[in-house]
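Student: One file is attached below, start.txt, containing compact mmCIF, C-alpha atoms.
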```txt
# COMPACT_ATOMS: atom_id res chain seq x y z
CA MET U 1 8.28 11.29 32.92
CA LYS U 2 9.58 11.42 29.35
CA ASN U 3 10.85 8.35 27.58
CA GLU U 4 13.04 8.85 24.51
CA THR U 5 11.86 5.70 22.73
CA ILE U 6 8.18 6.53 23.25
CA GLU U 7 8.65 10.17 22.25
CA ARG U 8 10.36 9.09 19.03
CA ALA U 9 7.58 6.62 18.22
CA LEU U 10 4.95 9.31 18.81
CA SER U 11 6.73 11.66 16.40
CA HIS U 12 7.05 9.12 13.56
CA ARG U 13 6.55 10.52 10.06
CA SER U 14 7.04 8.90 6.68
CA ILE U 15 10.13 10.34 4.95
CA ARG U 16 10.19 10.28 1.15
CA ALA U 17 13.03 12.73 0.37
CA TYR U 18 16.62 12.03 1.38
CA LYS U 19 19.98 13.78 1.41
CA GLU U 20 22.55 12.57 -1.09
CA LYS U 21 24.37 10.67 1.60
CA GLU U 22 24.86 6.95 1.87
CA ILE U 23 24.07 5.17 5.10
CA GLU U 24 27.31 4.07 6.76
CA ALA U 25 28.15 0.39 6.27
CA ASP U 26 28.38 -0.19 10.04
CA LEU U 27 24.90 1.27 10.54
CA VAL U 28 23.47 -0.88 7.74
CA LYS U 29 25.04 -3.91 9.41
CA SER U 30 23.55 -2.90 12.77
CA LEU U 31 20.08 -2.51 11.25
CA LEU U 32 20.35 -5.96 9.71
CA GLU U 33 21.29 -7.31 13.14
CA VAL U 34 18.21 -5.59 14.60
CA ALA U 35 16.08 -7.42 12.04
CA ASN U 36 17.85 -10.67 12.85
CA HIS U 37 17.06 -10.31 16.56
CA THR U 38 13.36 -9.58 16.05
CA SER U 39 10.92 -11.97 17.72
CA THR U 40 9.58 -14.63 15.34
CA SER U 41 6.76 -17.14 15.52
CA MET U 42 7.91 -20.33 17.26
CA GLY U 43 11.49 -19.19 16.67
CA MET U 44 11.29 -20.40 13.06
CA GLN U 45 12.52 -17.09 11.56
CA SER U 46 10.32 -17.58 8.51
CA TYR U 47 11.28 -14.38 6.70
CA SER U 48 14.17 -12.95 4.74
CA ILE U 49 15.32 -9.52 3.55
CA ILE U 50 16.44 -8.65 0.05
CA ARG U 51 18.56 -5.51 -0.10
CA ILE U 52 18.13 -3.88 -3.53
CA THR U 53 21.41 -2.39 -4.72
CA ASP U 54 20.91 -2.97 -8.47
CA LYS U 55 19.63 0.27 -10.06
CA LYS U 56 17.78 -1.55 -12.83
CA LYS U 57 15.93 -3.68 -10.32
CA ARG U 58 15.15 -0.57 -8.30
CA GLU U 59 13.66 1.06 -11.40
CA MET U 60 11.53 -2.01 -12.09
CA ILE U 61 10.27 -1.98 -8.51
CA ALA U 62 9.49 1.74 -8.78
CA LYS U 63 7.27 0.96 -11.79
CA VAL U 64 5.43 -1.72 -9.82
CA CYS U 65 4.93 0.71 -6.93
CA ASN U 66 4.13 3.62 -9.26
CA GLN U 67 6.19 5.74 -6.85
CA LYS U 68 9.35 7.33 -8.21
CA TYR U 69 10.91 7.94 -4.79
CA VAL U 70 11.66 4.22 -4.63
CA ASN U 71 14.73 5.23 -6.66
CA GLN U 72 15.72 8.03 -4.30
CA ALA U 73 16.16 6.16 -1.01
CA PRO U 74 19.82 5.33 -0.28
CA GLU U 75 18.70 1.97 1.10
CA PHE U 76 15.76 -0.08 -0.17
CA TRP U 77 14.94 -3.43 1.40
CA VAL U 78 12.17 -5.91 0.62
CA PHE U 79 10.94 -8.12 3.44
CA ILE U 80 9.55 -11.49 2.34
CA VAL U 81 7.82 -14.55 3.69
CA ASP U 82 10.46 -17.28 3.56
CA VAL U 83 9.22 -20.79 4.30
CA TYR U 84 11.51 -22.17 1.59
CA ARG U 85 14.53 -22.25 3.89
CA ASN U 86 12.87 -24.38 6.59
CA ALA U 87 11.25 -26.66 4.01
CA ALA U 88 14.71 -27.28 2.54
CA ILE U 89 16.17 -27.95 6.01
CA ALA U 90 13.41 -30.49 6.63
CA SER U 91 13.76 -32.15 3.21
CA GLU U 92 17.50 -32.65 3.73
CA GLN U 93 16.52 -34.73 6.75
CA GLY U 94 14.06 -36.79 4.72
CA SER U 95 10.99 -34.91 6.00
CA PHE U 96 8.35 -33.86 3.45
CA LEU U 97 5.39 -33.03 5.71
CA ASP U 98 2.34 -31.35 4.15
CA SER U 99 2.54 -28.70 6.88
CA ARG U 100 5.74 -27.31 5.31
CA ASN U 101 3.74 -24.97 3.04
CA ASP U 102 0.35 -24.57 4.72
CA MET U 103 -1.39 -21.29 5.50
CA ASP U 104 -0.22 -21.35 9.10
CA ARG U 105 3.37 -21.33 7.87
CA PHE U 106 2.56 -18.53 5.39
CA PHE U 107 1.02 -16.25 8.02
CA GLN U 108 3.83 -16.97 10.46
CA GLY U 109 6.26 -15.76 7.79
CA PHE U 110 4.12 -12.74 6.94
CA THR U 111 3.99 -11.73 10.60
CA ASP U 112 7.72 -12.34 11.10
CA ALA U 113 8.57 -10.15 8.08
CA SER U 114 6.23 -7.36 9.23
CA LEU U 115 7.66 -7.31 12.75
CA ALA U 116 11.22 -7.24 11.42
CA ALA U 117 10.40 -4.35 9.08
CA GLN U 118 8.92 -2.25 11.89
CA ASN U 119 11.84 -3.03 14.19
CA VAL U 120 14.30 -1.92 11.53
CA LEU U 121 12.51 1.38 10.91
CA SER U 122 12.29 2.12 14.64
CA ALA U 123 16.01 1.45 15.01
CA ALA U 124 16.78 3.53 11.90
CA GLU U 125 14.85 6.51 13.29
CA SER U 126 16.77 6.25 16.58
CA ALA U 127 19.97 6.62 14.54
CA GLY U 128 18.80 9.81 12.82
CA LEU U 129 17.46 8.15 9.66
CA GLY U 130 14.00 8.40 8.18
CA GLY U 131 12.06 5.93 6.12
CA VAL U 132 8.81 4.91 4.47
CA PHE U 133 7.10 1.58 3.92
CA PHE U 134 6.06 0.48 0.42
CA GLY U 135 3.01 -1.78 0.57
CA SER U 136 2.74 -0.87 -3.11
CA ILE U 137 5.21 -3.64 -4.00
CA LEU U 138 2.07 -5.81 -3.94
CA ASN U 139 0.53 -3.86 -6.83
CA ASP U 140 1.89 -6.68 -8.98
CA PRO U 141 3.05 -9.61 -6.81
CA ALA U 142 3.92 -11.78 -9.82
CA LYS U 143 6.23 -9.09 -11.20
CA MET U 144 7.91 -8.64 -7.82
CA ILE U 145 8.42 -12.40 -7.59
CA GLU U 146 10.07 -12.27 -11.02
CA ILE U 147 12.28 -9.25 -10.17
CA LEU U 148 13.45 -10.82 -6.91
CA ASN U 149 13.77 -14.32 -8.39
CA LEU U 150 11.76 -15.73 -5.48
CA PRO U 151 11.56 -19.53 -5.21
CA GLU U 152 8.51 -21.49 -4.09
CA TYR U 153 7.33 -21.01 -0.51
CA THR U 154 8.33 -17.33 -0.48
CA PHE U 155 6.29 -14.16 -0.99
CA PRO U 156 6.92 -10.38 -0.91
CA VAL U 157 5.46 -8.55 2.10
CA VAL U 158 6.61 -4.92 2.22
CA GLY U 159 9.35 -2.62 0.96
CA LEU U 160 11.26 -0.19 3.17
CA GLY U 161 13.15 2.85 1.93
CA MET U 162 15.60 4.58 4.30
CA GLY U 163 18.05 7.47 4.33
CA TYR U 164 18.98 10.73 6.00
CA PRO U 165 15.86 12.97 5.87
CA ASP U 166 15.80 15.93 3.50
CA GLN U 167 12.29 17.04 4.46
CA ASP U 168 10.35 17.85 7.60
CA PRO U 169 6.72 16.79 7.07
CA LEU U 170 3.93 17.54 9.48
CA LEU U 171 2.81 14.86 11.88
CA LYS U 172 -0.12 13.18 10.13
CA PRO U 173 -3.31 13.19 12.22
CA ARG U 174 -4.67 9.88 13.52
CA MET U 175 -8.24 9.06 14.45
CA ASP U 176 -9.14 9.00 18.14
CA ILE U 177 -7.70 6.00 19.93
CA GLU U 178 -11.14 5.10 21.32
CA LEU U 179 -12.12 4.01 17.81
CA LYS U 180 -9.28 1.47 17.66
CA VAL U 181 -8.77 0.28 21.23
CA PHE U 182 -11.44 -1.73 23.05
CA GLU U 183 -11.68 -3.66 26.28
CA ASN U 184 -12.51 -7.37 26.19
CA GLU U 185 -14.59 -7.25 22.99
CA TYR U 186 -15.09 -5.32 19.76
CA LYS U 187 -17.17 -2.16 20.04
CA LYS U 188 -19.22 -0.96 17.07
CA GLN U 189 -20.14 2.69 16.60
CA ASP U 190 -23.72 3.77 16.00
CA SER U 191 -22.39 6.12 13.31
CA TYR U 192 -18.78 6.10 12.22
CA LEU U 193 -19.21 9.31 10.25
CA ASP U 194 -20.32 11.06 13.45
CA ALA U 195 -17.50 9.43 15.40
CA ILE U 196 -14.80 10.67 12.98
CA LYS U 197 -16.29 14.11 12.32
CA ASP U 198 -13.54 15.90 14.26
CA TYR U 199 -10.90 13.70 12.63
CA ASP U 200 -12.24 14.59 9.18
CA GLU U 201 -11.80 18.26 10.06
CA ARG U 202 -8.23 17.71 11.25
CA MET U 203 -7.37 15.85 8.05
CA LYS U 204 -8.65 18.76 5.96
CA LYS U 205 -6.16 21.05 7.70
CA TYR U 206 -3.23 18.68 7.14
CA TYR U 207 -1.12 18.93 4.01
CA ASP U 208 1.30 16.42 2.60
CA LEU U 209 4.73 17.61 1.44
CA ARG U 210 4.16 15.68 -1.78
CA ASN U 211 1.75 18.48 -2.65
CA PRO U 212 1.98 21.32 -0.10
CA SER U 213 -0.45 23.49 -2.05
CA LYS U 214 -3.34 21.08 -1.53
CA ASN U 215 -4.83 19.83 1.71
CA LEU U 216 -5.88 16.20 1.92
CA ASP U 217 -9.50 15.16 1.59
CA GLU U 218 -11.43 14.20 4.69
CA PHE U 219 -10.56 10.69 5.86
CA SER U 220 -14.11 9.55 5.12
CA LYS U 221 -13.71 10.54 1.46
CA GLN U 222 -10.29 8.91 1.30
CA VAL U 223 -11.87 5.63 2.43
CA VAL U 224 -14.32 5.68 -0.49
CA SER U 225 -11.63 6.76 -2.94
CA ILE U 226 -9.20 4.01 -1.91
CA LEU U 227 -11.89 1.33 -1.92
CA SER U 228 -12.83 2.49 -5.41
CA ASN U 229 -9.17 2.20 -6.39
CA ALA U 230 -9.09 -1.58 -5.95
CA THR U 231 -6.94 -3.29 -8.58
CA GLU U 232 -7.55 -6.74 -9.99
CA LYS U 233 -4.02 -7.96 -9.24
CA ARG U 234 -4.25 -7.01 -5.57
CA SER U 235 -7.83 -8.22 -5.24
CA LYS U 236 -6.76 -11.63 -6.54
CA ILE U 237 -3.48 -11.78 -4.64
CA ILE U 238 -4.42 -15.15 -3.14
CA ASN U 239 -3.80 -16.66 -6.60
CA ASP U 240 -0.20 -15.43 -6.51
CA VAL U 241 0.20 -16.92 -3.04
CA ARG U 242 -1.03 -20.25 -4.43
CA ARG U 243 1.33 -20.10 -7.42
CA GLN U 244 4.22 -19.79 -4.97
CA GLY U 245 3.33 -23.24 -3.70
CA PHE U 246 1.37 -22.43 -0.57
CA ASP U 247 -1.52 -24.79 0.17
CA LEU U 248 -4.63 -22.71 0.88
CA GLN U 249 -6.50 -25.73 2.30
CA LEU U 250 -9.87 -24.10 1.67
CA ASP U 251 -13.05 -25.84 2.79
CA TYR U 252 -16.48 -25.28 1.31
CA ILE U 253 -18.40 -22.84 3.51
CA PRO U 254 -22.16 -22.33 2.93
CA GLU U 255 -22.97 -18.81 1.82
CA ALA U 256 -25.25 -18.36 4.83
CA ASP U 257 -22.30 -18.99 7.19
CA ILE U 258 -20.10 -16.29 5.66
CA LYS U 259 -20.15 -13.04 7.58
CA THR U 260 -20.76 -9.95 5.49
CA MET U 261 -21.74 -6.41 6.35
CA TYR U 262 -24.49 -6.31 3.73
CA LYS U 263 -25.60 -8.24 0.69
CA PRO U 264 -26.62 -6.74 -1.57
CA ALA U 265 -25.78 -3.07 -0.96
CA PRO U 266 -28.53 -1.15 0.85
CA LYS U 267 -30.97 0.62 -1.46
CA ASP U 268 -31.53 3.66 0.73
CA ILE U 269 -28.01 5.11 0.31
CA LYS U 270 -28.18 8.88 0.09
CA GLU U 271 -25.97 9.95 -2.76
CA GLU U 272 -24.15 13.27 -2.62
CA VAL U 273 -24.19 15.26 -5.83
CA PHE U 274 -20.66 15.76 -7.12
CA GLU U 275 -20.05 18.96 -9.07
CA GLU U 276 -16.38 19.93 -9.17
CA SER U 277 -13.13 18.78 -7.51
CA GLU U 278 -10.52 21.01 -5.89
CA LEU U 279 -8.43 21.06 -9.07
CA GLY U 280 -11.49 21.92 -11.12
CA PHE U 281 -12.21 18.50 -12.61
CA ARG U 282 -15.83 17.77 -13.48
CA MET U 283 -17.68 14.73 -14.78
CA ASP U 284 -17.65 16.30 -18.24
CA THR U 285 -13.93 17.18 -18.21
CA ASN U 286 -12.41 16.03 -21.50
CA ILE U 287 -10.07 13.12 -20.85
CA LYS U 288 -7.70 13.94 -23.75
CA ASP U 289 -7.24 17.48 -22.42
CA LEU U 290 -6.48 16.00 -19.00
CA PHE U 291 -3.92 13.55 -20.46
CA ASP U 292 -2.27 16.38 -22.41
CA GLU U 293 -1.87 18.45 -19.23
CA TYR U 294 -0.82 15.51 -17.04
CA PRO U 295 0.81 12.92 -19.38
CA TYR U 296 1.55 10.44 -16.56
CA ILE U 297 -2.13 10.11 -15.63
CA LYS U 298 -2.89 7.92 -18.63
CA SER U 299 -0.28 5.29 -17.67
CA TYR U 300 -1.46 5.51 -14.06
CA ILE U 301 -5.08 4.79 -15.02
CA LEU U 302 -3.98 1.88 -17.21
CA SER U 303 -1.98 0.42 -14.32
CA VAL U 304 -4.71 0.48 -11.67
CA ASN U 305 -7.52 -1.28 -13.54
CA PRO U 306 -7.24 -3.77 -16.44
CA LYS U 307 -10.63 -2.62 -17.75
CA PHE U 308 -9.01 0.68 -18.74
CA ASN U 309 -6.91 -1.14 -21.36
CA LYS U 310 -9.69 -0.24 -23.79
CA LEU U 311 -8.25 3.29 -23.73
CA ARG U 312 -5.27 2.03 -25.76
CA SER U 313 -7.43 1.18 -28.76
CA LEU U 314 -9.45 4.37 -28.35
CA SER U 315 -6.21 6.39 -28.40
CA ALA U 316 -5.10 4.62 -31.57
CA SER U 317 -8.42 5.36 -33.26
CA ASN U 318 -8.36 9.01 -32.15
CA LYS U 319 -11.69 8.57 -30.34
CA LEU U 320 -10.21 9.71 -27.04
CA LYS U 321 -10.91 13.37 -27.87
CA ASP U 322 -14.64 12.72 -27.57
CA LEU U 323 -14.54 11.11 -24.10
CA THR U 324 -15.18 12.70 -20.71
CA ILE U 325 -14.03 11.51 -17.28
CA GLU U 326 -17.51 10.09 -16.79
CA ASP U 327 -17.18 8.04 -20.01
CA VAL U 328 -13.82 6.65 -18.86
CA ALA U 329 -15.24 5.80 -15.42
CA LYS U 330 -17.94 3.73 -17.13
CA ILE U 331 -15.23 1.81 -19.02
CA GLY U 332 -13.60 1.01 -15.69
CA GLU U 333 -16.98 0.22 -14.11
CA MET U 334 -16.42 2.66 -11.26
CA PRO U 335 -18.00 5.91 -9.99
CA ALA U 336 -16.76 8.99 -11.85
CA ASP U 337 -16.17 10.98 -8.66
CA SER U 338 -13.97 8.18 -7.32
CA LEU U 339 -11.93 8.24 -10.53
CA ILE U 340 -11.50 11.99 -10.09
CA TYR U 341 -10.29 11.53 -6.49
CA MET U 342 -7.81 8.89 -7.74
CA ILE U 343 -6.50 11.24 -10.43
CA GLU U 344 -6.11 14.10 -7.97
CA SER U 345 -4.31 11.86 -5.49
CA ARG U 346 -1.85 10.82 -8.23
CA ILE U 347 -1.28 14.44 -9.26
CA SER U 348 -0.58 15.31 -5.62
CA GLU U 349 2.32 12.82 -5.62
CA GLU U 350 4.19 14.70 -8.33
```
Would you write the structure of this file as structure tokens?

Tutor:
Amino acid sequence: MKNETIERALSHRSIRAYKEKEIEADLVKSLLEVANHTSTSMGMQSYSIIRITDKKKREMIAKVCNQKYVNQAPEFWVFIVDVYRNAAIASEQGSFLDSRNDMDRFFQGFTDASLAAQNVLSAAESAGLGGVFFGSILNDPAKMIEILNLPEYTFPVVGLGMGYPDQDPLLKPRMDIELKVFENEYKKQDSYLDAIKDYDERMKKYYDLRNPSKNLDEFSKQVVSILSNATEKRSKIINDVRRQGFDLQLDYIPEADIKTMYKPAPKDIKEEVFEESELGFRMDTNIKDLFDEYPYIKSYILSVNPKFNKLRSLSASNKLKDLTIEDVAKIGEMPADSLIYMIESRISEE
């Protein structure tokens, strides 16, 4: 028996291109009501939504996200943790409990905001709209806090762009459900690479409308590429949470009691020899030639890793013409093949 809600959820796709048509005011109001009626932890409603209608703010957010289609969505909302409101309600009653800004309150707000965002997108899709989430607003939490003028006890969670779809992307493959759903306890795989072998093959056949001429890499390679793409601001996001006034309440935990998959990294890793990428990039590809062909790649590299700031001085001294991708990867203290995958992923977005 078919169920319309389930069928729609199973056909979900991220929509990044929209018709030049505003969402009707009544529909916007209804979507806000959907968010307002979302379940929240303990009924405390510890989240808020900021609807971005100011074009300059939208442009600033697009720079944080490094995704130009932030500017193209007719509606762009940012969901935030909002413990400020309840702390103010309590303080007006003479209550200044330490629990007002603890980590429990923070995660309640983070969960509330996430649930509301998903509810809104599901409702939007039922009304013929499409949308895409922007976790990339956390590329620079401090900048987002500044743009949104967020007070203490608040924090950005996710952005959501919505509009009437002007594209029809393929349904993106997902890994087998057996790898993500267990009964009673967590189940480890003897070999995850073996377990996702078929999924890797399906991903190679899928193409993203952001670059229809190029298939995606296998999921296993995407994992390595994305892990190699870690940015300092996101890795240290807990500091931004603290600056917003949340009390982390961290205890000292002996190193031996901290769970970790391995420390240090195993020495018997079998390294694959990288020769050439799909776009023809090699370890010895000249970085200046690459920047000349793809001017936006330089700013992208500078934005993802502070260590690459050294490239600014090298550009000024005209030493860039002597550097290869491998040389630049060493500056960023990352594997050269991972840098190449990052570059290709960015090119695919254009």

Student: Quick one: residues within 8 Å of U:Asp284, all atoms listed in the file, excluding same-chain residues fewer than 4 positions away - as an mmCIF file with C-alpha atoms, in the coordinates of the input?

Tutor:
```
data_model
loop_
_atom_site.group_PDB
_atom_site.id
_atom_site.type_symbol
_atom_site.label_atom_id
_atom_site.label_comp_id
_atom_site.auth_asym_id
_atom_site.auth_seq_id
_atom_site.Cartn_x
_atom_site.Cartn_y
_atom_site.Cartn_z
ATOM 1 C CA THR U 324 -15.180 12.700 -20.710
ATOM 2 C CA ILE U 325 -14.030 11.510 -17.280
ATOM 3 C CA GLU U 326 -17.510 10.090 -16.790
#
```

Student: Tell me, in Å to one decimal, how far atom CA of U:Ser48 is from atom CA of U:Phe79.

Tutor: 6.0 Å

Student: Skip stretch 62-72 of chain U itself and residues of its chain fewer than 4 positions away, then list as a list in words all residues within 8 Å of it, counting all atoms listed in the file.

Tutor: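 These residues fall inside the cut-off: Arg16, Ala17, Tyr18, Lys55, Arg58, Phe76, Phe134, Ser136, Ile137, Leu138, Asn139, Asp140, Lys143, Met144, Gly161 and Tyr300 of chain U.
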
Student: Work out how far apart atom CA of U:Lys19 and atom CA of U:Leu171 are and give it in Å to one decimal.

Tutor: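 Atom-to-atom, atom CA of U:Lys19 and atom CA of U:Leu171 are spaced 20.1 Å apart.
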
Student: Pick out the residues sitting within 8 Å of U:Asn101, and hand them over as a PyMOL selection string; count only C-alpha atoms, and ignore anything fewer than 4 positions along from it in its own chain.

Tutor: chain U and resi 83+87+105-106+153+245-247

Student: Taking only C-alpha atoms into account, name the residue in U:Lys188, U:Lys236, U:Arg174, U:Lys298 that is nearest to U:Phe219.

Tutor: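 Checking each candidate against U:Phe219, we get U:Arg174 as the closest.
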